[in-house]
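K.L.:
The structure under discussion is supplied below as structure tokens; questions concerning it will follow.
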Amino acid sequence: MEMIYRPNCCICNCKEKSILFSSDFVNPVIWNFLDSYYCHRIDKDILLDQRYEVAKCKKCGFIWQTYILDEQGMKQLYDEWISKEHSLHKKSKAGIDFYFGYAKDVGTISILLKKNPYQIRVLDYGMGWGYWCMMAQAFGYNVHGMELSINRQQFAKVHGINVISNISDLPEPVDYINCDQVMEHIPDPFVSLKEITRFLMPGGIIKITVPDGKRIEKQITSTHWIPAKNAIHPLEHINCFTHKSLVAFAAKADLFPITRPIVSSYKCNILIMFKNIIAKYYLRYFSTSIYFRIIE
Ligand SMILES: [Zn+2]
């Protein structure tokens with residue numbers, strides 16, 4: 001397996017970068033994390049002479065892993081090294097807050113677009129096992145889910161979801177795209193974003209959610225840093241966004257942030273109402289979970 005080198009910033013294509021961290025993947029600091037996290041499923045020889053390197057763009061501040069797995073390696077990562085059972089278990093055995101969260105999320109779409117669910121076409125880009133799609137379908141939206149993993153596709157199909165494996169298989173453009181925990185994983189996020197927004201109706205909305213990398217630079221440049229399941233997780237989270245870089249990234253695809261409305265929660269008291277009001281502005285101005293509207 002060869003690794004792919006990404007020398008330039010994935011957002012602005014700038015060549016000028018600072019190296020925040022660089023080490024062999026088999027350095028015990030990195031390897032012990034990978035070996036333990038993936039339950040000894042990675043053959044160490046595959047990563048011999050390969051580098052875990054984290055760079056920061058001098059122009060826009062974007063942080064990324066310069067060396068990433070090639071197509072075959074990515075397939076191995078998502079099909080073999082990540083436990084399917086564990087991944088499905090996280091969704092199927094989730095607590096009620098997880099499902100209420102999805103209900104609130106899909107309810108928000110109708111409010112934002114000022115249309116009823118039956119009038120709205122949605123796409124879940126990188127739908128995983130299809131749980132978000134199932135919730136959206138239960139609300140009455142016209143739903144498609146895109147997913148590359150065959151196991152996850154089959155699971156979603158059995159649960160009644162319209163599954164596509166390529167965005168060009170969408171029968172018509174959609175009003176809303178959910179892009180939850182996807183952009184941090186893909187080799188060329190800007191190319192993918194441009195591609196999916198071609199299928200967004202004028203004035204349509206995309207919600208992009210990624211891990212928040214605002215503390216990563218400080219952490220990774222400290223002498224005691226060790227990898228963790230965070231915004232720069234070795235091999236997996238190859239693109240690391242902050243609120244600022246996510247907004248800049250989206251703007252390049254003609255997407256502009258909008259404020260989420262306050263949606264009432266299933267639990268309601270004064271404290272939760274107050275938290276909802278804070279969340280409305282926190283999401284828009286500080287978080288890495290942002291609603292964007294495309295130019296009409
Ligand atoms: Zn840049």
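Here, A, B, ... name the chains of the structure tokens in the order displayed, residue numbers run from 1 inside each chain, and ligands are numbered from 1 in the same displayed order.
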Set the distance at 12 Å and use only C-alpha atoms: which residues neighbour Ser165 (chain A) once local chain neighbours fewer than 6 positions away are removed? I'd like the list as a list of chain:residue names.
P.N.:
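Listing them by chain and then by number gives A:Leu123, A:Asp124, A:Tyr125, A:Gly126, A:Met127, A:Gly128, A:His144, A:Gly145, A:Met146, A:Glu147, A:Leu148, A:Ser149, A:Ile150, A:Asn151, A:Arg152, A:Gln153, A:Gln154, A:Lys157.
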K.L.:
Can you tell me which residues surround region 196-206 of chain A at a distance of at most 6 Å, considering only C-alpha atoms, apart from same-chain residues fewer than 3 positions away, and format the answer as a count of residues only?
P.N.:
13
K.L.:
I need the residues in region 15-220 of chain A that are alpha helix (DSSP H) according to DSSP; give them as a PyMOL selection string.
P.N.:
chain A and resi 28-37+71-76+84-92+96-113+131-138+150-158+189-197+216-220
K.L.:
Calculate how many Å separate CA of Ile208 (chain A) from CA of Asn162 (chain A), rounding to one decimal.
P.N.:
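Distance between the two atoms: 21.2 Å.
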K.L.:
Pick out the residues no farther than 10 Å from ligand 1, counting only C-alpha atoms and all ligand atoms, and list them as a PyMOL selection string.
P.N.:
chain A and resi 8-17+56-64+245+248-249
